[in-house]
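A short worksheet on the structure shown next.
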Amino acid sequence: MDIKSMKNYLYWLYCQFELITCSYLMEPWEKLLFYTFNIAMLVTVLYAAYTFVSGHLSMAFQFFWHFFGNQRENTVPIMK
Amino acid sequence: MANPSAVCNGHLHHQKQNNNLLKSGIYKKNGITKGMKKNGVSNGTLYKKTFIEHFEQAPMYVAVLTFLGFGVGTVFGYLRDFMRAWGLEKRNIAAEREQQKDFVPLYQDFENFYTRNLYMRIRDNWNRPICSVPGPQFDLMERVTDDYNWTFRFTGRTIKNVINMGSYNYLGFAETDVNALKTVTIELEKYGTGICSTRQEMGTLDKHVELEKLVAKFLGVEDAMVFGMGFATNSMNIPALVGKGCLILSDELNHTSLVLGARLSGATIRIFKHNNMQSLEKLLRDAIIYGQPRSRRAWRKIIILVEGIYSMEGSIVRLPELVSLKKKYKAYLYLDEAHSIGAVGATGRGVVEYFGMSPDDVDVLMGTFTKSFGAAGGYIAGRKDLVDFLRTHSHSAVYATSMCPPVAEQIIRAMKCLMGLDGTTQGLQRVRQLGKNTRYFRRRLHEMGFIIYGNDDSPVVPLLLYMPGKIGAFARRMLEKNIGVVVVGFPATPIAESRARFCVSAAHTREMLDTVLNALDELGDFLQLKYSRYSKSSHPELYEETRLEFED
């Protein structure tokens with residue numbers, strides 16, 4: 001039963017998405033186009049997050065650690 | 001419906017303790033008070049009963065998502081227009097012939113952008129043909145579309161007994177009961193259907209004289225004149241009453257017939273904010289101080305055009321303040337009671353009776369017979385010299401065919417029923433039933449958490465939908481549940497405030513209203529339409545706190 005209610009809930013969420021973005025009104029090929037565009041954007045954003053964010057975070061962390069007091073010779077140049 | 005301790009403009013009210021715990025409080029947004037408006041204190045004792053109107057604003061995310069929806073729709077609209085222009089898609093709209101391509105363009109393509117790209121997609125929710133009397137229930141002809149609403153075809157089936165929440169059948173006089181229509185059948189057999197003439201030639205029948213006397217008696221005025229069409233009553237008679245050199249002050253949300261009549265007359269038109277007496281007073285003062293634009297002469301006439309009930313908002317005009325303003329500044333008042341005659345007031349005599357005022361205060365009383373009387377046509381009533389002037393000078397009297405006799409008889413019988421002249425109390429019962437139905441329907445919708453506009457006593461109930469995707473979904477799903485509703489979007493309403501408009505009728509039984517309300521509840525949860533921040537909880541005993549809100 002949990003799977004069924006979960007599926008119903010997901011279907012309901014999908015309906016909300018359709019209503020809000022007016023894709024409820026679109027013809028099937030327009031829907032395909034719209035969803036492809038959205039999914040492509042989403043995948044791009046996720047891939048960029050995966051590849052770059054961890055690197056950015058660790059560099060920012062090192063910068064602030066150095067800035068706030070721990071004076072140790074750092075081997076990584078600080079990116080400005 | 002009053003908040004127990006409501007604050008308005010810095011004054012603290014102590015209202016009578018009501019059991020209705022409607023939480024329509026006052027909240028401030030950028031200094032403007034929205035929500036419950038009360039006028040009792042600031043104007044002394046002008047209003048004999050509380051005047052409560054709701055115009056709640058939806059939360060911010062709703063506006064953002066609405067514009068997002070329109071944005072996506074617009075992008076796809078441009079895409080489709082591009083494809084049509086480059087021949088990748090068949091053009092279904094009107095286009096010029098090849099030979100005329102070098103001429104001045106006949107069809108300005110961009111003007112109909114919205115119609116082509118957004119309206120066409122949900123067009124199946126409008127112009128639905130019905131095939132029975134538009135009573136509390138009716139039959140619809142089923143139609144399907146093969147090419148996404150560009151063309152329709154009928155399957156041949158009829159959908160039976162659809163609950164009718166869209167017809168202006170306020171008192172339930174749209175009926176086919178043989179006993180009720182006895183006199184109409186007799187007159188039909190006596191006079192036939194056509195008049196074949198105008199009022200001034202040979203089109204004035206004894207039926208018209210009888211009807212006009214009855215209308216004058218019903219409204220409590222000296223004389224009245226009836227016309228064959230309600231829209232034409234406004235658009236043809238305002239030009240007869242005002243002309244160049246006169247000033248028309250018209251409400252922002254007036255009906256097209258009033259706007260057309262005002263424009264046709266050639267007078268100067270100034271618009272005041274909807275139902276806003278301060279805005280109107282400012283315009284009146286400016287008009288009297290500064291006079292006509294270039295010559296600075298006094299205006300020949302100043303006339304104020306308002307409606308009794310505004311059909312898109314459900315708000316009732318603030319008549320007491322209006323009459324006091326017009327008396328102070330010596331202006332004339334033209335009141336269009338299309339939706340309010342028969343529907344408000346203790347005995348159905350319209351907003352004048354609703355506010356307890358005398359009909360002599362309003363200079364021109366106009367109304368239609370289409371809404372509450374189940375017929376067609378309009379009337380103008382007032383003093384005898386006004387009506388005599390209109391009989392000679394109105395365009396409608398000179399050129400338009402007069403009302404046909406069976407329709408006149410239907411109005412006569414409906415009015416006699418309302419006034420009690422047929423010996424029964426059926427008329428009064430209908431008015432009371434309408435009042436009960438209206439209050440019940442509005443109260444339940446408020447409790448469920450929908451945003452409803454308008455006055456608590458108006459039988460027109462607009463329910464806000466906001467997002468363009470939901471307009472089509474709402475109407476289609478309601479039809480699947482066998483309920484027929486009217487949805488309205490841009491351009492009849494502001495672009496972000498599309499709505500579904502319900503018209504409560506005296507012929508609706510409690511069961512029908514409950515069916516509709518349950519369907520609305522379900523649909524409201526599914527489509528997430530319950531935007532109101534002030535819905536009542538399902539446990540009233542727990543909600544006993546007094547609410548004090550101070551405005552700074």
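Residue numbers start at 1 in each chain; chains themselves are named A, B, ... in the order of the structure tokens; ligands are numbered from 1 in the order shown.
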Per residue of chain B within 7 Å of chain A, which atom pair is closest and at what distance in Å (one decimal), using only C-alpha atoms, listed by chain and increasing number, as a tab-separated table?
residue	atom	partner	partner_atom	distance
B:Leu65	CA	A:Ile20	CA	6.4
B:Leu68	CA	A:Thr21	CA	6.7
B:Gly69	CA	A:Thr21	CA	4.6
B:Val72	CA	A:Thr21	CA	6.4
B:Gly73	CA	A:Cys22	CA	6.5
B:Arg121	CA	A:Leu25	CA	6.2
B:Met467	CA	A:Ile20	CA	6.8
B:Pro468	CA	A:Cys22	CA	6.9
B:Gly469	CA	A:Cys22	CA	4.7
B:Lys470	CA	A:Leu19	CA	5.9
Using all heavy atoms, can you write the selected residues to a file as a JSON list (two decimals), in the first residue's frame?
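What follows is the written file out.json:
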[["chain", "number", "residue", "atom", "x", "y", "z"],
["B", 65, "LEU", "N", 3.94, 32.12, -9.83],
["B", 65, "LEU", "CA", 3.68, 30.95, -10.65],
["B", 65, "LEU", "C", 2.72, 31.25, -11.79],
["B", 65, "LEU", "O", 2.83, 30.68, -12.88],
["B", 65, "LEU", "CB", 3.11, 29.83, -9.77],
["B", 65, "LEU", "CG", 4.08, 29.25, -8.76],
["B", 65, "LEU", "CD1", 3.39, 28.20, -7.90],
["B", 65, "LEU", "CD2", 5.28, 28.63, -9.44],
["B", 68, "LEU", "N", 4.79, 32.74, -14.39],
["B", 68, "LEU", "CA", 5.60, 31.69, -14.99],
["B", 68, "LEU", "C", 4.81, 30.92, -16.02],
["B", 68, "LEU", "O", 5.26, 30.67, -17.14],
["B", 68, "LEU", "CB", 6.09, 30.75, -13.87],
["B", 68, "LEU", "CG", 6.81, 29.48, -14.31],
["B", 68, "LEU", "CD1", 8.17, 29.84, -14.83],
["B", 68, "LEU", "CD2", 6.93, 28.50, -13.17],
["B", 69, "GLY", "N", 3.57, 30.56, -15.64],
["B", 69, "GLY", "CA", 2.71, 29.85, -16.58],
["B", 69, "GLY", "C", 2.47, 30.65, -17.85],
["B", 69, "GLY", "O", 2.55, 30.13, -18.96],
["B", 72, "VAL", "N", 5.64, 30.63, -20.03],
["B", 72, "VAL", "CA", 5.81, 29.41, -20.83],
["B", 72, "VAL", "C", 4.83, 29.42, -21.99],
["B", 72, "VAL", "O", 5.19, 29.10, -23.14],
["B", 72, "VAL", "CB", 5.59, 28.17, -19.94],
["B", 72, "VAL", "CG1", 5.56, 26.92, -20.78],
["B", 72, "VAL", "CG2", 6.67, 28.07, -18.90],
["B", 73, "GLY", "N", 3.57, 29.81, -21.71],
["B", 73, "GLY", "CA", 2.57, 29.87, -22.77],
["B", 73, "GLY", "C", 2.98, 30.83, -23.88],
["B", 73, "GLY", "O", 2.80, 30.56, -25.07],
["B", 121, "ARG", "N", -6.50, 26.87, -27.00],
["B", 121, "ARG", "CA", -6.18, 25.60, -26.37],
["B", 121, "ARG", "C", -7.26, 25.18, -25.37],
["B", 121, "ARG", "O", -7.43, 24.00, -25.10],
["B", 121, "ARG", "CB", -4.85, 25.70, -25.63],
["B", 121, "ARG", "CG", -3.68, 25.92, -26.55],
["B", 121, "ARG", "CD", -2.42, 26.03, -25.72],
["B", 121, "ARG", "NE", -1.30, 26.51, -26.49],
["B", 121, "ARG", "CZ", -0.39, 25.70, -27.02],
["B", 121, "ARG", "NH1", -0.50, 24.42, -26.88],
["B", 121, "ARG", "NH2", 0.61, 26.22, -27.69],
["B", 467, "MET", "N", -4.14, 30.69, -12.06],
["B", 467, "MET", "CA", -3.16, 30.21, -13.06],
["B", 467, "MET", "C", -3.86, 29.77, -14.33],
["B", 467, "MET", "O", -4.90, 29.15, -14.29],
["B", 467, "MET", "CB", -2.40, 29.03, -12.47],
["B", 467, "MET", "CG", -1.57, 29.46, -11.30],
["B", 467, "MET", "SD", -0.76, 28.08, -10.54],
["B", 467, "MET", "CE", -0.52, 28.73, -8.92],
["B", 468, "PRO", "N", -3.27, 30.09, -15.49],
["B", 468, "PRO", "CA", -3.97, 29.79, -16.74],
["B", 468, "PRO", "C", -4.17, 28.30, -16.96],
["B", 468, "PRO", "O", -5.19, 27.90, -17.52],
["B", 468, "PRO", "CB", -3.05, 30.39, -17.81],
["B", 468, "PRO", "CG", -1.74, 30.56, -17.16],
["B", 468, "PRO", "CD", -1.97, 30.75, -15.73],
["B", 469, "GLY", "N", -3.24, 27.47, -16.48],
["B", 469, "GLY", "CA", -3.42, 26.03, -16.66],
["B", 469, "GLY", "C", -4.64, 25.51, -15.92],
["B", 469, "GLY", "O", -5.32, 24.59, -16.36],
["B", 470, "LYS", "N", -4.95, 26.14, -14.79],
["B", 470, "LYS", "CA", -6.04, 25.63, -13.97],
["B", 470, "LYS", "C", -7.40, 26.00, -14.52],
["B", 470, "LYS", "O", -8.40, 25.40, -14.16],
["B", 470, "LYS", "CB", -5.91, 26.15, -12.55],
["B", 470, "LYS", "CG", -4.67, 25.66, -11.89],
["B", 470, "LYS", "CD", -4.64, 25.93, -10.42],
["B", 470, "LYS", "CE", -3.32, 25.40, -9.89],
["B", 470, "LYS", "NZ", -3.13, 25.68, -8.48]]
Name the residues of stretch 254-428 of chain B that fall into alpha helix (DSSP H) according to DSSP on the backbone, using the chain letters and numbers of this document, as a PyMOL selection string. chain B and resi 256-265+277-290+319-329+351-354+384-393+395-399+405-419+426-428
Run DSSP on the backbone and grab whatever in stretch 76-155 of chain B lands in strand (DSSP E); send it over as a list in words.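 Answer for stretch 76-155 of chain B restricted to strand (DSSP E) is Gln137, Phe138, Asp139, Leu140, Met141, Glu142, Arg143, Val144, Arg153, Phe154 and Thr155 of chain B.
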Please provide as an MDAnalysis selection string all residues within 8 Å of stretch 336-350 of chain B, with the sequence filter that same-chain residues fewer than 6 positions apart are discarded (counting only C-alpha atoms). chainID B and resid 170:171 218:219 305:311 365:373 418:419 428 431:432 434:435 457:459
Leaving out B:His208 and any residue of its chain fewer than 5 positions from it, which residues lie within 8 Å of it when counting only C-alpha atoms, given as a list in words? Val226, Met403, Pro405 and Ala408 of chain B
In terms of only C-alpha atoms, the residue from B:Ile451, B:Leu88, B:Met60, B:Val144 at minimal distance from B:Arg157 is B:Val144
